[in-house]
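Novice: Sharing data.txt here; it has compact mmCIF, C-alpha atoms.
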# COMPACT_ATOMS: atom_id res chain seq x y z
CA MET A 15 78.75 -69.16 -51.09
CA LEU A 16 81.08 -66.37 -50.12
CA ARG A 17 79.49 -63.06 -49.37
CA PRO A 18 81.21 -59.72 -49.96
CA VAL A 19 83.09 -58.28 -47.02
CA THR A 20 80.65 -55.40 -46.74
CA ASP A 21 77.90 -57.94 -46.29
CA ALA A 22 79.96 -59.83 -43.74
CA LEU A 23 80.25 -56.65 -41.75
CA GLY A 24 76.55 -56.04 -42.05
CA LEU A 25 77.18 -52.90 -44.07
CA ALA A 26 75.60 -53.86 -47.39
CA ALA A 27 72.66 -51.66 -48.21
CA GLY A 28 70.29 -54.54 -48.80
CA ALA A 29 71.51 -56.76 -45.99
CA GLY A 30 68.73 -55.84 -43.65
CA ALA A 31 66.04 -56.34 -46.25
CA ALA A 32 67.38 -59.69 -47.39
CA ARG A 33 67.73 -61.03 -43.88
CA PRO A 34 65.02 -59.65 -41.61
CA ALA A 35 66.19 -59.06 -38.08
CA SER A 36 64.84 -61.30 -35.38
CA PRO A 37 61.95 -59.63 -33.59
CA ALA A 38 63.78 -60.26 -30.33
CA ALA A 39 66.97 -58.58 -31.53
CA ARG A 40 67.85 -55.36 -29.76
CA PRO A 41 67.41 -52.75 -32.48
CA ASP A 42 70.27 -50.55 -31.30
CA ASP A 43 72.83 -53.33 -31.00
CA PRO A 44 75.18 -52.83 -33.94
CA ASP A 45 76.65 -56.31 -33.47
CA ALA A 46 73.34 -58.21 -33.47
CA ASP A 47 73.50 -59.33 -37.08
CA LEU A 48 77.08 -60.57 -36.82
CA VAL A 49 76.40 -62.41 -33.57
CA ARG A 50 73.35 -64.10 -35.06
CA ARG A 51 75.39 -65.24 -38.06
CA ILE A 52 78.27 -66.45 -35.90
CA GLY A 53 75.72 -68.47 -33.96
CA LYS A 54 74.91 -70.24 -37.22
CA GLY A 55 78.59 -70.96 -37.88
CA ASP A 56 79.24 -68.23 -40.47
CA LEU A 57 83.04 -68.00 -40.80
CA LEU A 58 82.94 -64.62 -42.53
CA ALA A 59 81.03 -63.21 -39.58
CA ILE A 60 83.67 -64.61 -37.24
CA ARG A 61 86.37 -62.79 -39.18
CA ALA A 62 84.31 -59.60 -39.30
CA LEU A 63 83.68 -59.57 -35.55
CA THR A 64 87.37 -60.24 -34.93
CA ALA A 65 88.32 -57.29 -37.14
CA ARG A 66 85.83 -55.11 -35.31
CA LYS A 67 86.55 -56.13 -31.71
CA LEU A 68 90.15 -57.30 -31.43
CA PRO A 69 91.74 -53.83 -31.67
CA ARG A 70 89.18 -52.44 -29.21
CA LEU A 71 89.68 -55.22 -26.69
CA THR A 72 93.46 -55.10 -26.97
CA ALA A 73 93.49 -51.34 -26.42
CA LEU A 74 91.07 -51.60 -23.50
CA ALA A 75 93.13 -54.24 -21.72
CA ALA A 76 96.43 -52.50 -22.48
CA ARG A 77 95.22 -49.30 -20.88
CA VAL A 78 93.65 -50.98 -17.86
CA LEU A 79 96.51 -53.40 -17.22
CA GLY A 80 99.45 -51.31 -18.39
CA ASP A 81 100.97 -54.40 -19.99
CA ALA A 82 100.85 -55.15 -23.72
CA ALA A 83 101.49 -58.90 -23.49
CA GLU A 84 98.82 -59.42 -20.84
CA ALA A 85 96.46 -57.27 -22.88
CA GLU A 86 96.81 -59.64 -25.83
CA ASP A 87 95.97 -62.59 -23.60
CA VAL A 88 92.89 -60.82 -22.27
CA ALA A 89 91.71 -59.88 -25.76
CA GLN A 90 92.20 -63.44 -26.96
CA GLU A 91 90.36 -64.95 -24.00
CA SER A 92 87.52 -62.44 -24.36
CA LEU A 93 86.93 -63.38 -27.98
CA ILE A 94 87.17 -67.09 -27.21
CA ARG A 95 84.32 -66.54 -24.77
CA ALA A 96 82.49 -64.64 -27.48
CA TRP A 97 82.70 -67.64 -29.81
CA ARG A 98 81.22 -69.84 -27.07
CA GLN A 99 78.51 -67.33 -26.29
CA ALA A 100 77.29 -66.35 -29.76
CA PRO A 101 75.17 -69.46 -30.45
CA VAL A 102 73.30 -69.05 -27.16
CA TRP A 103 73.26 -65.25 -27.01
CA ARG A 104 69.99 -63.88 -25.65
CA PHE A 105 69.19 -60.88 -27.83
CA GLY A 106 67.45 -57.98 -26.18
CA GLU A 107 69.06 -58.23 -22.75
CA ALA A 108 72.28 -56.33 -23.37
CA ARG A 109 74.45 -55.12 -26.18
CA PHE A 110 77.00 -57.74 -27.19
CA ASP A 111 79.75 -55.11 -27.06
CA THR A 112 78.80 -54.24 -23.47
CA TRP A 113 78.94 -57.89 -22.46
CA LEU A 114 82.30 -58.27 -24.22
CA HIS A 115 83.67 -55.24 -22.37
CA ARG A 116 82.46 -56.69 -19.07
CA VAL A 117 84.20 -59.97 -19.80
CA ALA A 118 87.42 -58.15 -20.67
CA ILE A 119 87.26 -55.90 -17.61
CA ASN A 120 86.67 -58.93 -15.39
CA LEU A 121 89.65 -60.71 -16.89
CA CYS A 122 91.76 -57.59 -16.32
CA ARG A 123 90.62 -57.44 -12.69
CA ASP A 124 91.56 -61.09 -12.21
CA ARG A 125 95.04 -60.37 -13.49
CA LEU A 126 95.46 -57.24 -11.42
CA ARG A 127 94.40 -59.17 -8.33
CA ARG A 128 97.01 -61.84 -8.99
CA ARG A 129 99.82 -59.32 -9.38
CA ARG A 130 102.36 -59.04 -6.62
CA PRO A 131 103.14 -55.60 -5.22
CA GLY A 132 106.53 -55.46 -6.94
CA ASP A 133 105.19 -56.27 -10.40
CA ALA A 134 105.65 -53.27 -12.63
CA ALA A 135 103.93 -52.77 -15.94
CA ASP A 136 106.08 -52.30 -19.03
CA LEU A 137 104.58 -48.98 -20.02
CA ASP A 138 107.06 -48.41 -22.84
CA ALA A 139 105.64 -51.40 -24.68
CA LEU A 140 102.18 -49.87 -24.53
CA VAL A 141 102.79 -46.76 -26.53
CA ASP A 142 102.45 -47.00 -30.28
CA PRO A 143 106.08 -46.84 -31.45
CA GLY A 144 105.14 -44.76 -34.50
CA PRO A 145 105.98 -42.14 -35.45
CA ALA A 146 103.00 -41.64 -37.71
CA PRO A 147 103.34 -38.84 -40.27
CA ASP A 148 101.36 -36.41 -38.10
CA ARG A 149 103.11 -37.34 -34.85
CA GLY A 150 106.56 -36.35 -33.82
CA LEU A 151 108.79 -37.31 -30.94
CA GLU A 152 106.97 -34.90 -28.66
CA ALA A 153 103.67 -36.68 -29.08
CA ARG A 154 105.32 -39.95 -28.11
CA ASP A 155 106.75 -38.34 -24.97
CA ILE A 156 103.35 -36.93 -24.03
CA GLY A 157 101.80 -40.32 -24.63
CA ASP A 158 104.32 -41.83 -22.22
CA ARG A 159 103.42 -39.23 -19.59
CA VAL A 160 99.72 -39.96 -20.00
CA ALA A 161 100.35 -43.70 -19.71
CA VAL A 162 102.20 -43.21 -16.45
CA ALA A 163 99.49 -40.89 -15.09
CA MET A 164 96.77 -43.37 -16.03
CA ALA A 165 98.66 -46.22 -14.39
CA ALA A 166 98.78 -44.22 -11.17
CA LEU A 167 94.99 -43.86 -10.98
CA PRO A 168 92.97 -46.08 -8.65
CA PRO A 169 91.75 -49.06 -10.74
CA ARG A 170 88.04 -48.11 -10.82
CA GLN A 171 88.78 -44.53 -11.90
CA ARG A 172 91.15 -45.82 -14.57
CA GLU A 173 88.49 -48.22 -15.85
CA ALA A 174 85.90 -45.43 -16.03
CA VAL A 175 88.22 -43.10 -17.98
CA VAL A 176 89.26 -45.89 -20.34
CA LEU A 177 85.68 -46.90 -21.08
CA CYS A 178 84.31 -43.39 -21.62
CA HIS A 179 87.25 -41.56 -23.13
CA TYR A 180 89.15 -44.24 -25.04
CA GLN A 181 86.48 -46.87 -25.75
CA ASP A 182 83.90 -44.18 -26.44
CA LEU A 183 81.11 -45.90 -24.51
CA GLY A 184 78.12 -43.85 -23.43
CA ASN A 185 77.50 -43.31 -19.74
CA ILE A 186 74.78 -45.96 -19.48
CA GLU A 187 76.82 -48.65 -21.24
CA ALA A 188 79.97 -47.80 -19.29
CA ALA A 189 78.06 -47.97 -16.01
CA ARG A 190 76.70 -51.38 -17.00
CA VAL A 191 80.19 -52.63 -17.82
CA LEU A 192 81.48 -51.53 -14.42
CA GLY A 193 78.37 -52.71 -12.61
CA VAL A 194 77.79 -49.32 -11.00
CA SER A 195 75.11 -46.64 -11.19
CA VAL A 196 75.38 -43.81 -13.69
CA GLU A 197 75.92 -41.44 -10.76
CA ALA A 198 78.80 -43.56 -9.47
CA LEU A 199 80.32 -43.66 -12.94
CA GLU A 200 80.18 -39.87 -13.18
CA SER A 201 81.88 -39.58 -9.82
CA LEU A 202 84.63 -42.00 -10.88
CA LEU A 203 85.15 -40.03 -14.08
CA SER A 204 85.31 -36.68 -12.33
CA ARG A 205 87.80 -37.88 -9.76
CA GLY A 206 89.86 -39.66 -12.38
CA ARG A 207 90.07 -36.67 -14.68
CA ARG A 208 90.88 -34.35 -11.79
CA ALA A 209 93.77 -36.61 -10.79
CA LEU A 210 94.99 -36.76 -14.37
CA ARG A 211 94.82 -32.98 -14.70
CA ALA A 212 96.89 -32.64 -11.53
CA ALA A 213 99.44 -35.22 -12.66
CA LEU A 214 99.80 -33.57 -16.06
CA SER A 215 99.44 -30.00 -14.83
CA ASP A 216 102.64 -28.88 -16.56
CA LEU A 217 101.15 -29.96 -19.90
CA VAL A 218 97.59 -28.69 -19.46
CA PRO A 219 97.14 -24.99 -20.21
CA MET B 8 75.50 -34.02 -7.41
CA THR B 9 71.97 -35.17 -8.09
CA PHE B 10 72.52 -35.61 -11.84
CA GLY B 11 69.28 -36.31 -13.71
CA ARG B 12 67.23 -33.96 -11.55
CA THR B 13 69.79 -31.18 -11.49
CA PRO B 14 68.67 -28.28 -13.67
CA MET B 15 71.19 -27.17 -16.23
CA GLY B 16 73.22 -24.24 -15.03
CA PRO B 17 76.85 -23.24 -14.66
CA ARG B 18 77.54 -25.81 -11.96
CA ARG B 19 75.98 -28.75 -13.79
CA PHE B 20 77.62 -27.65 -17.04
CA ARG B 21 81.02 -27.66 -15.33
CA ASP B 22 80.35 -31.04 -13.67
CA LEU B 23 79.51 -32.60 -17.01
CA ALA B 24 82.60 -31.17 -18.70
CA GLU B 25 84.73 -32.34 -15.81
CA ALA B 26 83.39 -35.89 -16.08
CA TYR B 27 82.83 -36.42 -19.79
CA GLY B 28 85.18 -33.91 -21.39
CA GLY B 29 84.83 -30.92 -23.66
CA ASP B 30 82.74 -32.49 -26.41
CA ILE B 31 79.03 -32.13 -25.65
CA SER B 32 78.18 -34.92 -28.11
CA ARG B 33 79.82 -37.34 -25.65
CA TRP B 34 77.79 -36.18 -22.67
CA PRO B 35 74.76 -38.12 -21.40
CA GLU B 36 72.14 -38.01 -24.13
CA ALA B 37 69.38 -36.54 -21.99
CA GLU B 38 71.55 -33.58 -20.97
CA ARG B 39 72.96 -32.59 -24.35
CA GLY B 40 69.98 -30.48 -25.38
CA PRO B 41 69.79 -28.49 -22.12
CA ALA B 42 73.59 -28.07 -22.20
CA GLU B 43 73.53 -26.71 -25.74
CA ALA B 44 70.75 -24.34 -24.76
CA TRP B 45 72.66 -23.12 -21.70
CA LEU B 46 75.80 -22.68 -23.81
CA ALA B 47 73.87 -20.58 -26.32
CA GLY B 48 72.79 -18.29 -23.52
CA ASN B 49 76.20 -18.18 -21.84
CA PRO B 50 78.70 -18.46 -24.70
CA ARG B 51 81.74 -16.93 -23.01
CA GLU B 52 81.49 -18.87 -19.74
CA GLY B 53 80.50 -22.08 -21.50
CA ALA B 54 83.30 -21.88 -24.07
CA ALA B 55 85.90 -21.43 -21.33
CA VAL B 56 84.66 -24.53 -19.52
CA LEU B 57 84.69 -26.61 -22.70
CA GLU B 58 88.11 -25.34 -23.74
CA ALA B 59 89.65 -26.37 -20.43
CA ALA B 60 88.10 -29.82 -20.67
CA ARG B 61 89.20 -30.23 -24.29
CA ALA B 62 92.80 -29.49 -23.35
CA LEU B 63 92.79 -32.58 -21.12
CA ASP B 64 90.94 -34.59 -23.79
CA ASP B 65 93.66 -33.77 -26.32
CA LEU B 66 96.35 -34.76 -23.89
CA LEU B 67 94.69 -38.10 -23.17
CA GLY B 68 94.28 -38.66 -26.90
CA SER B 69 98.03 -38.57 -27.38
CA TRP B 70 98.31 -41.98 -25.70
CA ARG B 71 97.80 -44.44 -28.50
CA THR B 72 98.27 -48.18 -28.27
CA ALA B 73 99.70 -50.40 -30.95
CA ASP B 74 97.33 -52.36 -33.19
CA PRO B 75 97.12 -56.12 -32.62
CA VAL B 76 99.72 -58.11 -34.50
CA GLU B 77 98.77 -60.74 -37.07
CA ALA B 78 99.84 -63.57 -34.76
CA LEU B 79 97.19 -62.53 -32.25
CA ARG B 80 94.52 -62.50 -34.95
CA SER B 81 95.48 -66.07 -35.83
CA ARG B 82 95.34 -67.17 -32.20
CA VAL B 83 91.81 -65.81 -32.04
CA LEU B 84 90.58 -67.04 -35.43
CA VAL B 85 92.04 -70.55 -35.60
CA PRO B 86 90.03 -72.08 -32.72
CA ALA B 87 86.88 -70.07 -33.48
CA PRO B 88 85.02 -72.47 -35.84
CA ASP B 89 85.48 -75.41 -33.46
CA LEU B 90 84.44 -73.37 -30.41
CA VAL B 91 81.32 -72.09 -32.18
CA SER B 92 80.49 -75.60 -33.34
CA ARG B 93 80.84 -77.02 -29.82
CA ALA B 94 78.74 -74.21 -28.42
CA ARG B 95 76.03 -74.92 -30.98
CA ARG B 96 76.02 -78.59 -29.96
CA ARG B 97 75.79 -77.59 -26.32
CA ALA B 98 72.88 -75.31 -27.10
CA PHE B 99 71.17 -78.15 -28.95
CA VAL B 100 71.73 -80.59 -26.11
CA LEU B 101 70.40 -78.11 -23.59
CA THR B 102 67.22 -77.54 -25.57
CA LEU B 103 65.53 -80.09 -27.82
CA GLY B 104 68.44 -82.50 -28.22
CA GLY B 105 69.24 -82.53 -24.55
CA GLY B 106 65.84 -83.75 -23.55
CA ALA B 107 65.80 -86.49 -26.19
CA GLY B 108 69.35 -87.62 -25.54
CA LEU B 109 68.90 -87.72 -21.80
CA ALA B 110 65.61 -89.62 -22.13
CA ALA B 111 67.29 -92.16 -24.42
CA ALA B 112 70.14 -92.60 -21.99
CA CYS B 113 67.76 -93.16 -19.06
CA LEU B 114 65.66 -95.61 -21.07
CA ALA B 115 68.76 -97.55 -22.10
CA GLY B 116 69.85 -97.78 -18.48
CA ILE B 117 66.45 -99.08 -17.36
CA LEU B 118 66.33 -101.70 -20.12
CA ALA B 119 69.87 -102.84 -19.46
CA ALA B 120 69.52 -103.09 -15.67
CA PRO B 121 67.90 -106.61 -15.44
CA PHE B 122 70.47 -108.06 -17.80
CA LEU B 123 73.38 -106.51 -15.95
CA LEU B 124 72.06 -107.55 -12.56
CA SER B 125 71.57 -111.18 -13.67
CA THR B 126 75.04 -111.52 -15.15
CA PRO B 127 77.30 -113.73 -12.99
CA SER B 128 79.94 -111.60 -11.46
CA PHE B 129 83.30 -112.31 -9.96
CA GLY B 130 84.50 -109.88 -7.41
CA ILE B 131 82.80 -106.50 -7.44
CA ALA B 132 80.21 -106.05 -10.18
CA PRO B 133 80.03 -102.66 -11.83
CA SER B 134 76.97 -100.73 -10.85
CA PRO B 135 74.44 -100.40 -13.69
CA SER B 136 74.43 -96.70 -13.17
CA MET B 137 78.11 -96.61 -14.06
CA GLU B 138 77.65 -98.47 -17.33
CA ARG B 139 77.75 -96.66 -20.62
CA PRO B 140 74.26 -96.87 -22.19
CA ALA B 141 74.00 -99.44 -24.96
CA SER B 142 71.43 -97.57 -27.01
CA ALA B 143 72.64 -96.30 -30.36
CA SER B 144 70.66 -93.12 -29.92
CA ALA B 145 72.47 -92.35 -26.69
CA SER B 146 75.76 -92.10 -28.54
CA PRO B 147 79.16 -91.41 -27.06
CA GLN B 148 78.86 -88.00 -28.73
CA THR B 149 75.81 -87.23 -26.59
CA ASP B 150 77.75 -88.23 -23.49
CA GLU B 151 80.67 -86.06 -24.49
CA VAL B 152 78.45 -83.10 -25.12
CA LEU B 153 76.68 -83.56 -21.80
CA ALA B 154 80.07 -83.70 -20.13
CA GLU B 155 81.07 -80.52 -21.91
CA VAL B 156 77.89 -78.86 -20.74
CA LEU B 157 78.69 -79.64 -17.15
CA GLU B 158 82.34 -78.79 -17.56
CA ASP B 159 82.38 -75.44 -19.22
CA TRP B 160 78.88 -74.15 -19.75
CA GLU B 161 78.58 -70.48 -19.00
CA ALA B 162 75.37 -68.55 -19.21
CA PRO B 163 75.39 -65.08 -20.78
CA PHE B 164 76.71 -62.58 -18.27
CA ALA B 165 77.26 -65.28 -15.65
CA ASP B 166 80.99 -64.76 -15.62
CA ALA B 167 80.78 -61.05 -16.12
CA GLU B 168 78.32 -60.40 -13.37
CA ALA B 169 80.45 -61.95 -10.71
CA ASP B 170 82.63 -59.71 -8.66
CA PHE B 171 81.54 -56.31 -9.83
CA GLY B 172 81.84 -54.26 -6.72
CA ALA B 173 81.94 -50.52 -7.22
Starting from the coordinates I provided, produce the structure as structure tokens.
Specialist:
Amino acid sequence: MLRPVTDALGLAAGAGAARPASPAARPDDPDADLVRRIGKGDLLAIRALTARKLPRLTALAARVLGDAAEAEDVAQESLIRAWRQAPVWRFGEARFDTWLHRVAINLCRDRLRRRRPGDAADLDALVDPGPAPDRGLEARDIGDRVAVAMAALPPRQREAVVLCHYQDLGNIEAARVLGVSVEALESLLSRGRRALRAALSDLVP
Amino acid sequence: MTFGRTPMGPRRFRDLAEAYGGDISRWPEAERGPAEAWLAGNPREGAAVLEAARALDDLLGSWRTADPVEALRSRVLVPAPDLVSRARRRAFVLTLGGGAGLAAACLAGILAAPFLLSTPSFGIAPSPSMERPASASASPQTDEVLAEVLEDWEAPFADAEADFGA
């Protein structure tokens, strides 16, 4: 029987009451219900997780790699791994989103490692071509400048800024994704933002 | 920087803004309360720090990436049911089903060994251990799933934990 989309997303008011959460499920993992249902073969849950994660993973990889086509490949591969992992996911050990970010970051690192020194990212393809109603040509130009400045950061600093600023991960989750301490993450962020401020100094008041 | 043990003051406030930006709600959870309290006591200095950090935040926010195209959604969704189904079979084999299937395969091999060894052979006889089990319960599907397990099983975090140097 088809369930409403709100239910598929785990947003229905009564969803929790109708389907008690597993005692082992991590209570603060917003993806736990979807992952559990995907593990049982629920196609609506597969669609819902795709809708929730594909834009996030594509944006993450695009900003880390500086290449839109490669970012799509990374997002696709990350979700393929998610489909394989959902039925055997061990609830309570990590957030699913954190694991998914780690997979994506690892795939990005593999690709960056394989790049030859002369390979240049197509940064133009990364910027949303817009213009949206509230964005003019100037915003697009600034976006281009930011993309170039981000691409010039050392990879670990770029990853830290992407995770915390663009992916909106908290410091603990971002540190887990990068496999570093919270202190190291904060250092990467500070250095990254300082470098960005210097590179964009003509635009920062 | 000693972070968690650093008392909130102008220096720590600036360090946090420099790392996490000008929105206190995005700072480490344990430090938000002390930061808000310090800001309340030092509104002018605190506001200047936050304003400078927010200027960079706004600039970074102007870089937007395009949404995924429909073709990518299809590439992700089309193989999903089959991949989930295979993963569920793998999970079954590795738990209850795996033990039963493997036991059946071993039993079939033991039962078949005398027959295979007594069969007249010409040239090199196949080793019993290389024979496919004859038992119906040790089906080709079980073999395939076991092969899949060995081929592409990945434990949670196994791939992600590798190669995570700082």
Novice: Using all atoms listed in the file, which residues sit within 10 Å of Trp70 in chain B once same-chain residues fewer than 4 positions away are excluded, as number ranges by chain?
Specialist: A: 77, 140-142, 153-161, 164, 180; B: 65-66
Novice: In Å to one decimal, how far is CA of Glu200 in chain A from CA of Leu177 in chain A?
Specialist: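 So the answer is 11.9 Å.
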Novice: Pick the closest to Leu203 in chain A from B:Pro35, B:Gly53, B:Gly48, B:Gly28: which is it, counting all atoms listed in the file?
Specialist: B:Gly28
Novice: CA of Leu167 in chain A and CA of Arg123 in chain A, how far apart in Å?
Specialist: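 According to the coordinates, CA of Arg123 in chain A and CA of Leu167 in chain A are separated by 14.4 Å.
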Novice: Report as a list in words the set of chain B residues whose atoms approach chain A to within 6 Å, with distances computed over all atoms listed in the file.
Specialist: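 Written out as asked, the residues are Glu25, Ala26, Ser69, Trp70, Arg71, Thr72, Ala73, Asp74, Pro75, Val83, Leu90, Val91, Ala94, Arg95, Ala167, Phe171 and Ala173 of chain B.
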Novice: Work out how far CA of Ala165 in chain A is from CA of Val88 in chain A, in Å to one decimal.
Specialist: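 Result for CA of Val88 in chain A versus CA of Ala165 in chain A: 17.6 Å, one decimal.
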Novice: Find the spatial neighbours of Ala24 in chain B, counting all atoms listed in the file, within a cut-off of 9 Å - ignore same-chain residues fewer than 4 positions away - and output them as a PyMOL selection string.
Specialist: (chain A and resi 204) or (chain B and resi 19-20+28-31+34+56-57+59-61)
Novice: Box for range 47-59 of chain B: with edges along x, y and z, all listed atoms inside and 6 Å added on each side, what are the centre and edge lengths in Å to one decimal, as JSON?
Specialist:
{"center_x": 81.2, "center_y": -21.8, "center_z": -22.9, "size_x": 28.9, "size_y": 21.7, "size_z": 18.8}
